[in-house]
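Trainee: Let me give you the structure first, and then I'll get to my questions.
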Amino acid sequence: MSTDTAARPSRATEATEATEATEATEATGSDSPLFRPTRLGTLRLANRLVMAPMTRNRAGADGVPDPIMATYYAQRASAGLIVAEATTPNAVGATYPNIPAIHDESHVTGWRRVTDAVRAAGGQMFLQLQHGGRVGHPETSGHHPVAPSPVPMPGTIVTPSGHRENVVPREMTEQEIRDTVADFAAAAHRAVAAGFAGVEVHAANGYLLHQFLSRHTNHRTDGYGGSVVNRIRLTVEVVRAVVEAIGADRVGVRIAPGVTANAMTEDDVDEVYPALLHALDDLRPAYLHVVFADPDQPLFRTLRNAWSGPLIANPALPWPGPLPADGGRAAAERLLDAGADLVSLGRAFLANPDLVTRLRTGAPLNPIRDTHLMYVGGETGYTDYPALG
Ligand SMILES: Cc1cc2nc3c(=O)[nH]c(=O)nc-3n(C[C@H](O)[C@H](O)[C@H](O)COP(=O)(O)O)c2cc1C
C-alpha cells in the first residue's frame, strides 16, 4: 500500500479556519465541531452534517419527482447540506424503477418543487448525477444497458415487472462516451435551473464511472481502458465538463474505493485513487465525498493527502446491520478529527428528519422501520418518521 503521496497544500483548511475564527462562537448547544457552521464553495452551511444521497424510488415512471419528495427533503432541511438521491442524466443511464431523472424540462419543473420547499425550510441542496452503466435493464429504461465492456453484473436486478436476470451490457463506443460526457454537463445545467446549489458526480458504488475505474469491469483497449491514466479518464472528463458547465464551486464528486457494491472488485485502489484525486484536484471542485471512510485505514490518509479541497466523509457504520445507538455521531467526530471537513450520514437521516437536533441534544433516535419500503412506495416509511414534539 502506498501511503507516501505528498500532501497538497490544503484548500479546505483555508476556508474552514477562516470560518471557524469568526463563527466558532455561533456553535449551538454542543462543543462538537459537527455543529459548527462552515463554508463549502460559495455556500455557508449551518453545520457539518450532510444528508447522504439515498435512492428512494418515489419518482414517476417518467423520472419526474413526485410532490412527496418535496415534503421528505424539506423535513430534513436542517442538514448542513442535502445531497439528493441518484438521478439519471440520460435515459439509458437509468438504473431502477421510479428513480428520478434530469434530462428534460418536466424533470426540471418537478425538481424545482423540491428545491423550493427545501429552500423555504432553510436548507441547501446538491443533486447527485448517476449513470448506471451495466446496472440497469431494458425493461426499466427502454434501452439496452451500456458499459465500458460487455461484463454483466452477476445475478438479478429489480425492474417494473419484478426481478430479472442482468443482461450483458453493450460496450460503449467512443462517440457514446463523448455523448455521455455531454449529457452529464447538460444535466448539471438543468440541475442549476431546477434550483440546486450544485451537483455531485457519482463515481462510486459500482455505477458507470466506477465501472470504468476497475480493470475487472473495464477491459477496453482504447484510451479509456488498460492503464490507470486511461481508466480514470472518463471520470475526469465528466467532472471537467460539469465544472465548465456550472463552475467548480457547484461540483462535488463521490468515490468508493474498494467498495464492493453492485459486484465491484478493485485490486489497485492505491494506484487508481491517488491518480484520480490528483487529476480532479486540478479542476478545483467544491468537494470530494468518500463512501465508507475509515480513519484507521492508511487509505484514508492517502486520500486526504491527495485532495487539497473540502472532504466529506461517510463513516463505515455497520451495514446492513442496525446503526449504533448514537446514530453515528462518535464515528463522525473521529472522521473530523482525522481530517474530514464534513460528515455525511444516510440511514440516520432517513429515519430522523430532525437528526441534527437529536444528535446535538442526545435525544433518542427513531429506529429504521419498514425496510421493505426503503426503495419503493409512498408516504409510509418515507415522510411519516416523526420529528421531536
Ligand atoms: C436507501 C438507501 C439508498 C441509497 N442510495 C444511494 C444513492 O442514490 N447514491 C449513493 O451514492 N449512495 C446511496 N446510498 C448509500 C448512502 O449514501 C450511504 O453511503 C450509506 O447509506 C452509508 O451511510 P449510513 O451508514 O450513514 O447509512 C444509499 C443508501 C441507502 C440506505
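Residues are named by chain letter and number: chains run A, B, ... in the order of the C-alpha cells, numbers start at 1 in each chain, and ligands are numbered from 1 in the order shown.
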Check which residues fall inside 6 Å of ligand 1 when counting only C-alpha atoms and all ligand atoms, and print them as a list of chain:residue names.
Mentor: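 Using only C-alpha atoms and all ligand atoms, everything at most 6 Å from ligand 1 comes to A:Ala52, A:Pro53, A:Met54, A:Thr55, A:Arg56, A:Glu85, A:Ala86, A:Val291, A:Asn314, A:Leu317, A:Leu345, A:Gly346, A:Arg347, A:Ala348, A:Met374.
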Trainee: Could you pull the residues within 8 Å of stretch 91-108 of chain A, counting only C-alpha atoms, minus those fewer than 3 positions along the same chain, as a count of residues only?
Mentor: 40
Trainee: Could you tell me which of A:Val236, A:Val253, A:Ile312, A:Val290 comes closest to A:Leu276 if we count only C-alpha atoms?
Mentor: A:Val236
Trainee: Counting only C-alpha atoms, which of A:Phe212, A:Tyr375, A:Tyr273, A:Phe184 gets nearest to A:Ala245?
Mentor: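 Result for the nearest residue to A:Ala245: A:Phe184.
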Trainee: As a ChimeraX atom specification, please: every residue in stretch 209-241 of chain A that DSSP puts in helix (DSSP H, G or I).
Mentor: /A:209-213,228-231,233-241
Trainee: List every residue of stretch 206-255 of chain A that has an atom at most 12 Å from any atom of stretch 296-311 of chain A, giving for each one its closest atom pair and the distance in Å to one decimal, counting only C-alpha atoms, sorted by chain and then by ascending residue number, as a Markdown table.
Mentor:
```
| residue | atom | partner | partner_atom | distance |
| --- | --- | --- | --- | --- |
| A:Ala248 | CA | A:Gly309 | CA | 11.4 |
| A:Asp249 | CA | A:Gly309 | CA | 10.9 |
| A:Val251 | CA | A:Pro310 | CA | 11.6 |
| A:Gly252 | CA | A:Pro310 | CA | 9.5 |
| A:Val253 | CA | A:Leu311 | CA | 9.9 |
| A:Arg254 | CA | A:Leu311 | CA | 10.1 |
| A:Ile255 | CA | A:Leu303 | CA | 10.5 |
```
Trainee: Restricting it to N, CA and C atoms, dump the selection as a PDB file, in the first residue's frame.
Mentor:
```
ATOM      1  N   ALA A 248     -16.768  25.337 -10.874  1.00  0.00           N
ATOM      2  CA  ALA A 248     -16.192  24.362  -9.944  1.00  0.00           C
ATOM      3  C   ALA A 248     -16.839  24.420  -8.559  1.00  0.00           C
ATOM      4  N   ASP A 249     -17.245  25.605  -8.128  1.00  0.00           N
ATOM      5  CA  ASP A 249     -17.847  25.751  -6.798  1.00  0.00           C
ATOM      6  C   ASP A 249     -19.146  24.972  -6.639  1.00  0.00           C
ATOM      7  N   VAL A 251     -19.657  21.868  -7.891  1.00  0.00           N
ATOM      8  CA  VAL A 251     -19.456  20.461  -8.278  1.00  0.00           C
ATOM      9  C   VAL A 251     -18.788  19.667  -7.158  1.00  0.00           C
ATOM     10  N   GLY A 252     -19.381  18.538  -6.805  1.00  0.00           N
ATOM     11  CA  GLY A 252     -18.752  17.573  -5.906  1.00  0.00           C
ATOM     12  C   GLY A 252     -18.573  16.257  -6.647  1.00  0.00           C
ATOM     13  N   VAL A 253     -17.763  15.367  -6.063  1.00  0.00           N
ATOM     14  CA  VAL A 253     -17.515  14.060  -6.683  1.00  0.00           C
ATOM     15  C   VAL A 253     -17.570  13.011  -5.589  1.00  0.00           C
ATOM     16  N   ARG A 254     -18.299  11.916  -5.845  1.00  0.00           N
ATOM     17  CA  ARG A 254     -18.363  10.843  -4.846  1.00  0.00           C
ATOM     18  C   ARG A 254     -17.579   9.632  -5.323  1.00  0.00           C
ATOM     19  N   ILE A 255     -16.733   9.092  -4.456  1.00  0.00           N
ATOM     20  CA  ILE A 255     -15.953   7.894  -4.782  1.00  0.00           C
ATOM     21  C   ILE A 255     -16.136   6.850  -3.680  1.00  0.00           C
TER      22      ILE A 255
END
```
Trainee: Which residue is closest to A:Arg113? Choose from A:Gly321, A:Gly328, A:Pro67, A:Gly362 and count only C-alpha atoms.
Mentor: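 Result for the nearest residue to A:Arg113: A:Pro67.
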Trainee: When you draw a straight line from atom CA of A:Val269 to atom CA of A:Val199, how long is it in Å?
Mentor: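 Straight-line distance from atom CA of A:Val269 to atom CA of A:Val199 works out to 24.6 Å.
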Trainee: Name all residues at most 8 Å from stretch 44-51 of chain A (count only C-alpha atoms; drop same-chain ones fewer than 5 positions away) and give them as JSON, numbers by chain.
Mentor: {"A": [33, 34, 35, 36, 37, 38, 39, 78, 79, 80, 81, 82, 83, 124, 312, 341, 342, 343, 344, 345, 346, 349, 356]}
Trainee: May I ask which of the residues A:Leu288, A:Pro353, A:Arg360, A:Arg250 is the closest one to A:Ala340, counting only C-alpha atoms?
Mentor: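 Under the stated criterion, the closest residue is A:Leu288.
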Trainee: Tell me, as a compact mmCIF listing (two decimals) with N, CA and C atoms, in the first residue's frame, which residues lie within 10 Å of A:Arg178, counting only C-alpha atoms; anything in the same chain fewer than 6 positions away does not count.
Mentor:
```txt
# COMPACT_ATOMS: atom_id res chain seq x y z
N MET A 172 -19.54 0.56 -24.77
CA MET A 172 -19.79 1.91 -25.29
C MET A 172 -18.80 2.25 -26.41
N LEU A 234 -12.48 8.86 -18.03
CA LEU A 234 -13.89 9.25 -18.19
C LEU A 234 -14.36 10.08 -16.99
N GLU A 237 -13.00 13.48 -17.38
CA GLU A 237 -13.68 14.21 -18.45
C GLU A 237 -15.08 14.67 -18.03
N VAL A 238 -15.78 13.79 -17.32
CA VAL A 238 -17.13 14.18 -16.86
C VAL A 238 -17.03 15.35 -15.88
```
Trainee: Taking the DSSP assignment computed from this structure's backbone, write out as a ChimeraX atom specification all residues of stretch 57-216 of chain A that belong to strand (DSSP E).
Mentor: /A:81-87,125-129,146-147,156-159,162-165,170-171,198-203
Trainee: Check the smallest atom-to-atom distance from each of A:Gly247, A:Pro295, A:Gly223, A:Pro320 to A:Thr371 using only C-alpha atoms, then report the winner.
Mentor: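 Under the stated criterion, the closest residue is A:Pro320.
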